[in-house]
Amino acid sequence: VQLQASGGGLVQAGGSLRLSCAASTRTFMNYNMGWFRQAPGKEREFVAAISGAARITKYADSVKGRFTISRDQTKNTLYLQMTSLKSEDTAVYYCAADSSSWVRSPFSNGRYAPRTDWGQGTLVTVSS
């Protein structure tokens, strides 16, 4: 599946931003979706994930209570609503897709796999 992320930008600490990820597939519901991020000089890390039917969500402890992942099945689009942003949230954010069942998906463990499909990334910069 091809993924196109958008919505990044420059925001002040404490502000909000919403990322979007459009998926080019007719079977969007068959994919668990996730957001990962990579800060300069650091490894890519898990942010949030949502199951194909949107019944299950998972968040990294660092964003729990501040970020909300959601999906619009009619628009084949994934979202990440980010609030109370901190300077440490600065990173390139990548959306990702995985076609496994949720139990078998690496997203359910906050990980990704070689088979994971990736979008191109969108930069979020939080100024303090």
# chains A, B, ... in the order shown; residues from 1 in each chain; ligands from 1
$ residues_around --residues "stretch 93-99 of chain A" --least-positions-apart "3" --cutoff "8 Å" --atoms "only C-alpha atoms" --output "list in words"
Val1, Leu3, Gln4, Ala5, Cys21, Asn30, Tyr31, Asn32, Met33, Gly34, Trp35, Phe36, Arg37, Gln38, Ser105, Phe107, Arg115, Thr116, Asp117, Trp118, Gly119, Gln120, Gly121, Thr122, Leu123 and Val124 of chain A
$ residues_around --residues "stretch 50-63 of chain A" --least-positions-apart "2" --cutoff "10 Å" --atoms "only C-alpha atoms" --output "PyMOL selection string"
chain A and resi 27-36+45-48+65-73+78+82-86+88-89+97-103+105+107-110
$ select_by_dssp --residues "chain A" --states "helix (DSSP H, G or I)" --output "PyMOL selection string"
chain A and resi 28-30+87-89+106-109
$ select_by_dssp --residues "chain A" --states "strand (DSSP E)" --output "VMD selection string"
chain A and resid 2 to 6 9 to 12 17 to 24 32 to 38 45 to 50 57 to 59 67 to 72 77 to 82 91 to 98 117 to 118 122 to 127
$ atom_distance --atom1 "atom CA of A:Gln12" --atom2 "atom CA of A:Ser128"
6.2 Å
$ atom_distance --atom1 "atom CA of A:Ala39" --atom2 "atom CA of A:Val11"
15.9 Å
$ atom_distance --atom1 "atom CA of A:Ser24" --atom2 "atom CA of A:Gln2"
5.3 Å
$ decode --residues "stretch 94-108 of chain A" --atoms "all heavy atoms" --output "mmCIF file, in the first residue's frame"
data_model
loop_
_atom_site.group_PDB
_atom_site.id
_atom_site.type_symbol
_atom_site.label_atom_id
_atom_site.label_comp_id
_atom_site.auth_asym_id
_atom_site.auth_seq_id
_atom_site.Cartn_x
_atom_site.Cartn_y
_atom_site.Cartn_z
ATOM 1 N N TYR A 94 6.439 9.332 10.533
ATOM 2 C CA TYR A 94 6.147 8.418 9.440
ATOM 3 C C TYR A 94 4.866 7.642 9.734
ATOM 4 O O TYR A 94 4.706 7.110 10.836
ATOM 5 C CB TYR A 94 7.275 7.413 9.257
ATOM 6 C CG TYR A 94 8.604 8.012 8.879
ATOM 7 C CD1 TYR A 94 9.516 8.402 9.859
ATOM 8 C CD2 TYR A 94 8.954 8.189 7.542
ATOM 9 C CE1 TYR A 94 10.747 8.950 9.520
ATOM 10 C CE2 TYR A 94 10.185 8.740 7.186
ATOM 11 C CZ TYR A 94 11.073 9.114 8.185
ATOM 12 O OH TYR A 94 12.282 9.647 7.839
ATOM 13 N N CYS A 95 3.992 7.551 8.744
ATOM 14 C CA CYS A 95 2.872 6.646 8.898
ATOM 15 C C CYS A 95 3.271 5.287 8.325
ATOM 16 O O CYS A 95 4.155 5.201 7.461
ATOM 17 C CB CYS A 95 1.613 7.173 8.225
ATOM 18 S SG CYS A 95 1.751 7.541 6.475
ATOM 19 N N ALA A 96 2.642 4.245 8.829
ATOM 20 C CA ALA A 96 3.014 2.891 8.466
ATOM 21 C C ALA A 96 1.778 2.006 8.404
ATOM 22 O O ALA A 96 0.782 2.276 9.086
ATOM 23 C CB ALA A 96 4.010 2.334 9.480
ATOM 24 N N ALA A 97 1.886 0.948 7.613
ATOM 25 C CA ALA A 97 0.769 0.019 7.444
ATOM 26 C C ALA A 97 1.253 -1.416 7.555
ATOM 27 O O ALA A 97 2.364 -1.747 7.120
ATOM 28 C CB ALA A 97 0.102 0.230 6.083
ATOM 29 N N ASP A 98 0.400 -2.245 8.134
ATOM 30 C CA ASP A 98 0.713 -3.657 8.296
ATOM 31 C C ASP A 98 -0.562 -4.466 8.105
ATOM 32 O O ASP A 98 -1.587 -4.159 8.723
ATOM 33 C CB ASP A 98 1.285 -3.901 9.698
ATOM 34 C CG ASP A 98 1.536 -5.366 9.951
ATOM 35 O OD1 ASP A 98 2.529 -5.893 9.431
ATOM 36 O OD2 ASP A 98 0.714 -5.988 10.657
ATOM 37 N N SER A 99 -0.487 -5.507 7.282
ATOM 38 C CA SER A 99 -1.693 -6.255 6.919
ATOM 39 C C SER A 99 -1.934 -7.510 7.754
ATOM 40 O O SER A 99 -2.826 -8.292 7.443
ATOM 41 C CB SER A 99 -1.633 -6.633 5.435
ATOM 42 O OG SER A 99 -0.479 -7.421 5.185
ATOM 43 N N SER A 100 -1.149 -7.689 8.804
ATOM 44 C CA SER A 100 -1.379 -8.845 9.674
ATOM 45 C C SER A 100 -2.624 -8.633 10.527
ATOM 46 O O SER A 100 -3.150 -7.526 10.602
ATOM 47 C CB SER A 100 -0.183 -9.031 10.622
ATOM 48 O OG SER A 100 1.041 -8.983 9.956
ATOM 49 N N SER A 101 -3.064 -9.708 11.164
ATOM 50 C CA SER A 101 -4.081 -9.527 12.197
ATOM 51 C C SER A 101 -3.431 -8.728 13.320
ATOM 52 O O SER A 101 -2.189 -8.698 13.440
ATOM 53 C CB SER A 101 -4.553 -10.884 12.713
ATOM 54 O OG SER A 101 -3.474 -11.566 13.341
ATOM 55 N N TRP A 102 -4.251 -8.073 14.159
ATOM 56 C CA TRP A 102 -3.669 -7.231 15.207
ATOM 57 C C TRP A 102 -2.782 -8.052 16.139
ATOM 58 O O TRP A 102 -1.709 -7.610 16.508
ATOM 59 C CB TRP A 102 -4.785 -6.544 15.993
ATOM 60 C CG TRP A 102 -4.261 -5.706 17.126
ATOM 61 C CD1 TRP A 102 -4.254 -6.028 18.452
ATOM 62 C CD2 TRP A 102 -3.651 -4.424 17.006
ATOM 63 N NE1 TRP A 102 -3.660 -5.011 19.173
ATOM 64 C CE2 TRP A 102 -3.298 -4.022 18.319
ATOM 65 C CE3 TRP A 102 -3.363 -3.572 15.941
ATOM 66 C CZ2 TRP A 102 -2.680 -2.789 18.578
ATOM 67 C CZ3 TRP A 102 -2.758 -2.356 16.202
ATOM 68 C CH2 TRP A 102 -2.419 -1.977 17.500
ATOM 69 N N VAL A 103 -3.188 -9.206 16.517
ATOM 70 C CA VAL A 103 -2.420 -10.027 17.451
ATOM 71 C C VAL A 103 -1.039 -10.353 16.886
ATOM 72 O O VAL A 103 -0.050 -10.393 17.620
ATOM 73 C CB VAL A 103 -3.190 -11.325 17.785
ATOM 74 C CG1 VAL A 103 -2.325 -12.251 18.630
ATOM 75 C CG2 VAL A 103 -4.489 -11.001 18.490
ATOM 76 N N ARG A 104 -0.968 -10.558 15.578
ATOM 77 C CA ARG A 104 0.302 -10.915 14.942
ATOM 78 C C ARG A 104 1.084 -9.688 14.469
ATOM 79 O O ARG A 104 2.232 -9.805 14.057
ATOM 80 C CB ARG A 104 0.040 -11.831 13.752
ATOM 81 C CG ARG A 104 -0.532 -13.185 14.137
ATOM 82 C CD ARG A 104 -0.749 -14.060 12.908
ATOM 83 N NE ARG A 104 -1.307 -15.365 13.267
ATOM 84 C CZ ARG A 104 -0.583 -16.410 13.593
ATOM 85 N NH1 ARG A 104 0.736 -16.326 13.617
ATOM 86 N NH2 ARG A 104 -1.169 -17.550 13.904
ATOM 87 N N SER A 105 0.459 -8.533 14.521
ATOM 88 C CA SER A 105 1.099 -7.332 13.991
ATOM 89 C C SER A 105 2.198 -6.845 14.919
ATOM 90 O O SER A 105 2.025 -6.817 16.142
ATOM 91 C CB SER A 105 0.068 -6.226 13.810
ATOM 92 O OG SER A 105 0.706 -5.014 13.449
ATOM 93 N N PRO A 106 3.330 -6.415 14.357
ATOM 94 C CA PRO A 106 4.370 -5.825 15.208
ATOM 95 C C PRO A 106 3.881 -4.542 15.883
ATOM 96 O O PRO A 106 4.385 -4.170 16.944
ATOM 97 C CB PRO A 106 5.516 -5.547 14.235
ATOM 98 C CG PRO A 106 4.870 -5.480 12.891
ATOM 99 C CD PRO A 106 3.727 -6.431 12.951
ATOM 100 N N PHE A 107 2.896 -3.875 15.291
ATOM 101 C CA PHE A 107 2.357 -2.641 15.874
ATOM 102 C C PHE A 107 1.769 -2.901 17.259
ATOM 103 O O PHE A 107 1.816 -2.025 18.121
ATOM 104 C CB PHE A 107 1.281 -2.045 14.977
ATOM 105 C CG PHE A 107 1.767 -1.561 13.646
ATOM 106 C CD1 PHE A 107 0.858 -1.088 12.705
ATOM 107 C CD2 PHE A 107 3.104 -1.569 13.300
ATOM 108 C CE1 PHE A 107 1.281 -0.639 11.457
ATOM 109 C CE2 PHE A 107 3.550 -1.132 12.060
ATOM 110 C CZ PHE A 107 2.626 -0.672 11.140
ATOM 111 N N SER A 108 1.214 -4.071 17.465
ATOM 112 C CA SER A 108 0.599 -4.370 18.767
ATOM 113 C C SER A 108 1.648 -4.434 19.877
ATOM 114 O O SER A 108 1.301 -4.371 21.056
ATOM 115 C CB SER A 108 -0.188 -5.682 18.710
ATOM 116 O OG SER A 108 0.694 -6.772 18.485
#
